[in-house]
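Step one of this worksheet: look at the structure below.
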There are 2 protein chains.
Amino acid sequence: MIERTGLPLVISAPSGTGKSTLIARLRQEFPAFAFSISCTTRAPRPGEIHGKDYYFLDKKTFLQRRDNHFFAEWASVHGNLYGTPLEATQTILAQGKDIIFDIDVQGARQLKQTLPQSCFVFLFPPSLKALESRLVKRGTDSREVIAKRLANARDEINQCDLFEFWIINDDLDTAYEELRAVYLAARARAIHRPGLKQTLLAT
Amino acid sequence: MIERTGLPLVISAPSGTGKSTLIARLRQEFPAFAFSISCTTRAPRPGEIHGKDYYFLDKKTFLQRRDNHFFAEWASVHGNLYGTPLEATQTILAQGKDIIFDIDVQGARQLKQTLPQSCFVFLFPPSLKALESRLVKRGTDSREVIAKRLANARDEINQCDLFEFWIINDDLDTAYEELRAVYLAARARAIHRPGLKQTLLAT
């Protein structure tokens, strides 16, 4: 078997675009994706284990690590801090394991700096109107929350040039076929096969 | 339907790697690939039509055009000159039609300059030994020709860094799955969707 380095697959999308469904399907077809354990300042929930579910850190430690470039990306969510350790992630990738980053545009922007070999995918709703209909239909959000999600969607679409691959989730099967193709193609990039050329020339 | 510019898909491989088989399969699954008509200095064969099969040019005209950067790529094959008109190719691509370039490494190198938006794919044999076995088994070449093909293969593999995507044709179905994925993924690149962002923001 010829050696391969792992692929960081970075996927962003406005809320309601179907990102979670598509990622779940990808994980189901390709169960070998590795997980990297995040750090967080939020309190552990019952049953959560430090070093397995998360590394639970106090805020001071988290901020120190952040300032020391410990994280591939970090974010503040509902007042809690979350971060992905860079070195642990690089170790997983060096073992040839791929990692999915299900992440917002700000996080993707950080990964562009810290893991530039990543494959950056942005999922679009078919239109902002369609996105609104989906959010209304989902029935979980108030009018105000929906308005905020739409404003965020507009803001994220405005930043879509950060991403190399653009997939429109109009039809779920078509969008999945494209996401799957982007994953398989990105795995076939020369940058993930550092030893291939020399190995072949030696045969 | 959202507008898309066409993809130039550039595929190179050492002779005997199975490139023709893989490309034929891709054309069969995706019959919408467009053809760009080449220019050549070789004499028309019976039934060949100027402007349909080829543009048949005398050598002086061909060389003038070559010097005027008329060609996306050109090559000399068995003493005849062949070239792909750049402008006609760009017109086809602007219409959203994809084009396959089944081409050697030298041609790919030219396309890197003239059609830099191309997707560059290099197919590897599983090993040079395996390539030799295939060429021997094929039974169409003398020992000398096979030795020359192997030397060429080594030379082409040495230049594989020119290509973004690397596919090893060990198992044909696996290699096809990867080539197909690279094609679909490259179509999903942001650079081929120039109007998408603005269109979506206007909905």
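Each chain in the structure tokens gets a letter, A, B and so on, in the order shown; residues start at 1 in every chain, and ligands are counted from 1 in the order they appear.
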task = Find the residues in chain B near chain A: any atom within 6 Å counts, using only C-alpha atoms. Write them as a list of chain:residue names.
result =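 Result: B:Ser127, B:Leu128, B:Glu164, B:Phe165, B:Trp166, B:Ala181, B:Val182, B:Ala185, B:Ala188, B:Arg189, B:Ala190, B:Leu200, B:Thr203.
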Could you write those residues out with all heavy atoms, as a CSV table (one decimal), in the first residue's frame?
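Final output, saved to selection_6.csv:
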```csv
chain,number,residue,atom,x,y,z
B,127,SER,N,3.2,0.1,-10.8
B,127,SER,CA,4.7,0.1,-10.7
B,127,SER,C,5.3,0.1,-12.1
B,127,SER,O,4.6,-0.2,-13.1
B,127,SER,CB,5.2,-1.1,-9.9
B,127,SER,OG,4.9,-2.3,-10.6
B,128,LEU,N,6.6,0.3,-12.2
B,128,LEU,CA,7.2,0.3,-13.6
B,128,LEU,C,7.2,-1.2,-14.0
B,128,LEU,O,7.1,-1.5,-15.2
B,128,LEU,CB,8.6,0.9,-13.5
B,128,LEU,CG,8.6,2.4,-13.4
B,128,LEU,CD1,10.0,3.0,-13.2
B,128,LEU,CD2,8.0,3.0,-14.7
B,164,GLU,N,-2.1,18.2,-10.5
B,164,GLU,CA,-2.6,18.3,-9.2
B,164,GLU,C,-3.2,17.0,-8.6
B,164,GLU,O,-3.1,16.8,-7.4
B,164,GLU,CB,-3.8,19.4,-9.2
B,164,GLU,CG,-4.4,19.6,-7.8
B,164,GLU,CD,-5.5,20.6,-7.9
B,164,GLU,OE1,-5.8,21.2,-8.9
B,164,GLU,OE2,-6.1,20.8,-6.8
B,165,PHE,N,-3.7,16.2,-9.5
B,165,PHE,CA,-4.4,15.0,-9.0
B,165,PHE,C,-3.6,13.8,-9.6
B,165,PHE,O,-3.2,13.7,-10.7
B,165,PHE,CB,-5.8,14.9,-9.5
B,165,PHE,CG,-6.7,16.0,-8.9
B,165,PHE,CD1,-7.0,17.1,-9.6
B,165,PHE,CD2,-7.2,15.8,-7.6
B,165,PHE,CE1,-7.8,18.1,-9.1
B,165,PHE,CE2,-8.0,16.8,-7.1
B,165,PHE,CZ,-8.3,18.0,-7.8
B,166,TRP,N,-3.4,12.8,-8.7
B,166,TRP,CA,-2.6,11.6,-9.0
B,166,TRP,C,-3.5,10.4,-8.8
B,166,TRP,O,-4.0,10.2,-7.7
B,166,TRP,CB,-1.4,11.5,-8.1
B,166,TRP,CG,-0.3,12.4,-8.4
B,166,TRP,CD1,-0.3,13.4,-9.3
B,166,TRP,CD2,0.9,12.6,-7.6
B,166,TRP,NE1,0.9,14.1,-9.3
B,166,TRP,CE2,1.7,13.6,-8.2
B,166,TRP,CE3,1.5,11.9,-6.6
B,166,TRP,CZ2,2.9,14.0,-7.8
B,166,TRP,CZ3,2.7,12.3,-6.1
B,166,TRP,CH2,3.4,13.3,-6.7
B,181,ALA,N,-14.6,11.1,-9.9
B,181,ALA,CA,-14.7,12.0,-8.7
B,181,ALA,C,-13.9,13.3,-9.0
B,181,ALA,O,-14.4,14.4,-8.7
B,181,ALA,CB,-14.2,11.3,-7.4
B,182,VAL,N,-12.7,13.1,-9.5
B,182,VAL,CA,-11.9,14.3,-9.8
B,182,VAL,C,-12.7,15.2,-10.9
B,182,VAL,O,-12.7,16.4,-10.7
B,182,VAL,CB,-10.5,13.9,-10.4
B,182,VAL,CG1,-9.8,15.1,-11.0
B,182,VAL,CG2,-9.7,13.3,-9.2
B,185,ALA,N,-15.7,16.8,-9.1
B,185,ALA,CA,-15.2,17.8,-8.1
B,185,ALA,C,-14.7,19.1,-8.8
B,185,ALA,O,-15.0,20.2,-8.4
B,185,ALA,CB,-14.1,17.2,-7.2
B,188,ALA,N,-17.2,21.4,-9.7
B,188,ALA,CA,-17.8,22.1,-8.6
B,188,ALA,C,-16.8,23.2,-8.1
B,188,ALA,O,-17.1,23.8,-7.0
B,188,ALA,CB,-18.1,21.1,-7.5
B,189,ARG,N,-15.7,23.5,-8.8
B,189,ARG,CA,-14.8,24.5,-8.3
B,189,ARG,C,-15.5,25.9,-8.5
B,189,ARG,O,-16.1,26.2,-9.5
B,189,ARG,CB,-13.5,24.5,-9.1
B,189,ARG,CG,-12.5,23.5,-8.5
B,189,ARG,CD,-11.1,23.9,-8.9
B,189,ARG,NE,-10.2,23.2,-8.2
B,189,ARG,CZ,-9.2,22.4,-8.8
B,189,ARG,NH1,-9.2,22.3,-10.1
B,189,ARG,NH2,-8.4,21.7,-8.1
B,190,ALA,N,-15.2,26.7,-7.5
B,190,ALA,CA,-15.8,28.1,-7.5
B,190,ALA,C,-15.4,28.8,-8.8
B,190,ALA,O,-16.2,29.6,-9.3
B,190,ALA,CB,-15.2,28.9,-6.3
B,200,LEU,N,-27.1,34.3,-6.0
B,200,LEU,CA,-27.7,33.9,-4.8
B,200,LEU,C,-28.0,35.1,-3.9
B,200,LEU,O,-29.1,35.1,-3.2
B,200,LEU,CB,-26.8,32.9,-4.1
B,200,LEU,CG,-27.2,31.5,-4.4
B,200,LEU,CD1,-26.1,30.5,-4.0
B,200,LEU,CD2,-28.5,31.1,-3.6
B,203,THR,N,-31.3,36.7,-4.6
B,203,THR,CA,-32.6,36.0,-4.4
B,203,THR,C,-33.2,36.3,-3.1
B,203,THR,O,-33.8,35.5,-2.4
B,203,THR,CB,-32.4,34.4,-4.5
B,203,THR,OG1,-31.5,34.1,-3.5
B,203,THR,CG2,-31.9,34.0,-5.9
```
Determine, counting only C-alpha atoms, which protein, DNA and RNA residues have an atom within 9 Å of an atom of region 35-52 of chain A; residues of the same chain fewer than 4 positions away are not included. Present the result as a PDB file with N, CA, C and O atoms, in the first residue's frame.
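Saved result, around_8.pdb, follows:
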```pdb
ATOM      1  N   PHE A  56     -11.611  19.344  29.037  1.00  0.00           N
ATOM      2  CA  PHE A  56     -12.285  20.427  29.750  1.00  0.00           C
ATOM      3  C   PHE A  56     -11.244  21.322  30.413  1.00  0.00           C
ATOM      4  O   PHE A  56     -10.478  20.863  31.268  1.00  0.00           O
ATOM      5  N   LEU A  57     -11.212  22.577  29.987  1.00  0.00           N
ATOM      6  CA  LEU A  57     -10.199  23.511  30.488  1.00  0.00           C
ATOM      7  C   LEU A  57     -10.864  24.692  31.172  1.00  0.00           C
ATOM      8  O   LEU A  57     -11.979  25.079  30.807  1.00  0.00           O
ATOM      9  N   ASP A  58     -10.158  25.285  32.151  1.00  0.00           N
ATOM     10  CA  ASP A  58     -10.668  26.554  32.661  1.00  0.00           C
ATOM     11  C   ASP A  58     -10.323  27.651  31.643  1.00  0.00           C
ATOM     12  O   ASP A  58      -9.478  27.470  30.759  1.00  0.00           O
ATOM     13  N   LYS A  59     -11.018  28.764  31.788  1.00  0.00           N
ATOM     14  CA  LYS A  59     -10.913  29.821  30.785  1.00  0.00           C
ATOM     15  C   LYS A  59      -9.491  30.354  30.648  1.00  0.00           C
ATOM     16  O   LYS A  59      -9.008  30.613  29.545  1.00  0.00           O
ATOM     17  N   PHE A  62      -7.407  27.957  28.677  1.00  0.00           N
ATOM     18  CA  PHE A  62      -7.818  28.005  27.272  1.00  0.00           C
ATOM     19  C   PHE A  62      -7.210  29.228  26.584  1.00  0.00           C
ATOM     20  O   PHE A  62      -6.616  29.119  25.500  1.00  0.00           O
ATOM     21  N   PHE A  71      -4.228  26.149  19.080  1.00  0.00           N
ATOM     22  CA  PHE A  71      -5.429  25.695  18.372  1.00  0.00           C
ATOM     23  C   PHE A  71      -5.343  25.872  16.852  1.00  0.00           C
ATOM     24  O   PHE A  71      -4.837  26.885  16.358  1.00  0.00           O
ATOM     25  N   TRP A  74     -10.452  28.193  16.873  1.00  0.00           N
ATOM     26  CA  TRP A  74     -11.198  28.266  18.116  1.00  0.00           C
ATOM     27  C   TRP A  74     -12.371  29.217  17.899  1.00  0.00           C
ATOM     28  O   TRP A  74     -12.372  30.022  16.948  1.00  0.00           O
ATOM     29  N   GLY A  79     -21.065  31.899  24.836  1.00  0.00           N
ATOM     30  CA  GLY A  79     -20.254  32.265  25.994  1.00  0.00           C
ATOM     31  C   GLY A  79     -19.207  31.233  26.389  1.00  0.00           C
ATOM     32  O   GLY A  79     -18.376  31.495  27.257  1.00  0.00           O
ATOM     33  N   ASN A  80     -19.225  30.053  25.764  1.00  0.00           N
ATOM     34  CA  ASN A  80     -18.186  29.058  26.040  1.00  0.00           C
ATOM     35  C   ASN A  80     -17.168  29.045  24.890  1.00  0.00           C
ATOM     36  O   ASN A  80     -17.508  29.330  23.749  1.00  0.00           O
ATOM     37  N   LEU A  81     -15.940  28.693  25.247  1.00  0.00           N
ATOM     38  CA  LEU A  81     -14.886  28.640  24.234  1.00  0.00           C
ATOM     39  C   LEU A  81     -14.639  27.196  23.802  1.00  0.00           C
ATOM     40  O   LEU A  81     -14.664  26.287  24.627  1.00  0.00           O
ATOM     41  N   TYR A  82     -14.451  27.013  22.512  1.00  0.00           N
ATOM     42  CA  TYR A  82     -14.162  25.690  21.942  1.00  0.00           C
ATOM     43  C   TYR A  82     -12.950  25.823  21.036  1.00  0.00           C
ATOM     44  O   TYR A  82     -12.806  26.812  20.325  1.00  0.00           O
ATOM     45  N   GLY A  83     -12.089  24.830  21.041  1.00  0.00           N
ATOM     46  CA  GLY A  83     -10.927  24.896  20.168  1.00  0.00           C
ATOM     47  C   GLY A  83     -10.438  23.515  19.754  1.00  0.00           C
ATOM     48  O   GLY A  83     -10.571  22.550  20.517  1.00  0.00           O
ATOM     49  N   THR A  84      -9.878  23.433  18.570  1.00  0.00           N
ATOM     50  CA  THR A  84      -9.310  22.175  18.063  1.00  0.00           C
ATOM     51  C   THR A  84      -7.794  22.228  18.190  1.00  0.00           C
ATOM     52  O   THR A  84      -7.163  23.082  17.562  1.00  0.00           O
ATOM     53  N   PRO A  85      -7.191  21.340  18.984  1.00  0.00           N
ATOM     54  CA  PRO A  85      -5.726  21.344  19.131  1.00  0.00           C
ATOM     55  C   PRO A  85      -5.041  21.081  17.787  1.00  0.00           C
ATOM     56  O   PRO A  85      -5.375  20.106  17.093  1.00  0.00           O
ATOM     57  N   ALA A  88      -2.311  17.807  17.837  1.00  0.00           N
ATOM     58  CA  ALA A  88      -2.993  16.503  17.856  1.00  0.00           C
ATOM     59  C   ALA A  88      -3.640  16.231  16.496  1.00  0.00           C
ATOM     60  O   ALA A  88      -3.625  15.094  16.002  1.00  0.00           O
ATOM     61  N   THR A  89      -4.183  17.286  15.893  1.00  0.00           N
ATOM     62  CA  THR A  89      -4.801  17.133  14.571  1.00  0.00           C
ATOM     63  C   THR A  89      -3.754  16.750  13.534  1.00  0.00           C
ATOM     64  O   THR A  89      -3.969  15.860  12.706  1.00  0.00           O
ATOM     65  N   ILE A  92      -2.856  13.096  13.784  1.00  0.00           N
ATOM     66  CA  ILE A  92      -3.873  12.229  13.157  1.00  0.00           C
ATOM     67  C   ILE A  92      -3.708  12.240  11.633  1.00  0.00           C
ATOM     68  O   ILE A  92      -3.725  11.194  10.975  1.00  0.00           O
ATOM     69  N   ASP A  98      -8.277  10.871   7.621  1.00  0.00           N
ATOM     70  CA  ASP A  98      -8.969  12.092   7.211  1.00  0.00           C
ATOM     71  C   ASP A  98      -9.846  12.603   8.350  1.00  0.00           C
ATOM     72  O   ASP A  98     -10.339  11.817   9.162  1.00  0.00           O
ATOM     73  N   ILE A  99     -10.030  13.913   8.397  1.00  0.00           N
ATOM     74  CA  ILE A  99     -10.850  14.543   9.441  1.00  0.00           C
ATOM     75  C   ILE A  99     -11.840  15.510   8.801  1.00  0.00           C
ATOM     76  O   ILE A  99     -11.461  16.289   7.921  1.00  0.00           O
ATOM     77  N   ILE A 100     -13.099  15.441   9.235  1.00  0.00           N
ATOM     78  CA  ILE A 100     -14.089  16.417   8.779  1.00  0.00           C
ATOM     79  C   ILE A 100     -14.143  17.581   9.767  1.00  0.00           C
ATOM     80  O   ILE A 100     -14.241  17.365  10.974  1.00  0.00           O
TER      81      ILE A 100
END
```
query = Would you give me, as a PyMOL selection string, the residues in chain B that DSSP reads as strand (DSSP E)?
reply = chain B and resi 8-12+38-40+54-56+71-77+80-85+99-102+119-124+165-168
task = Quote the spacing between CA of Arg138 (chain B) and CA of Leu172 (chain B) in Å to one decimal place.
result = 16.2 Å
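Every residue of region 110-152 of chain A with a DSSP assignment of alpha helix (DSSP H), taken from the backbone, is listed as Gln110, Leu111, Lys112, Gln113, Thr114, Leu128, Lys129, Ala130, Leu131, Glu132, Ser133, Arg134, Leu135, Val136, Lys137, Arg138, Arg143, Glu144, Val145, Ile146, Ala147, Lys148, Arg149, Leu150, Ala151 and Asn152 of chain A.
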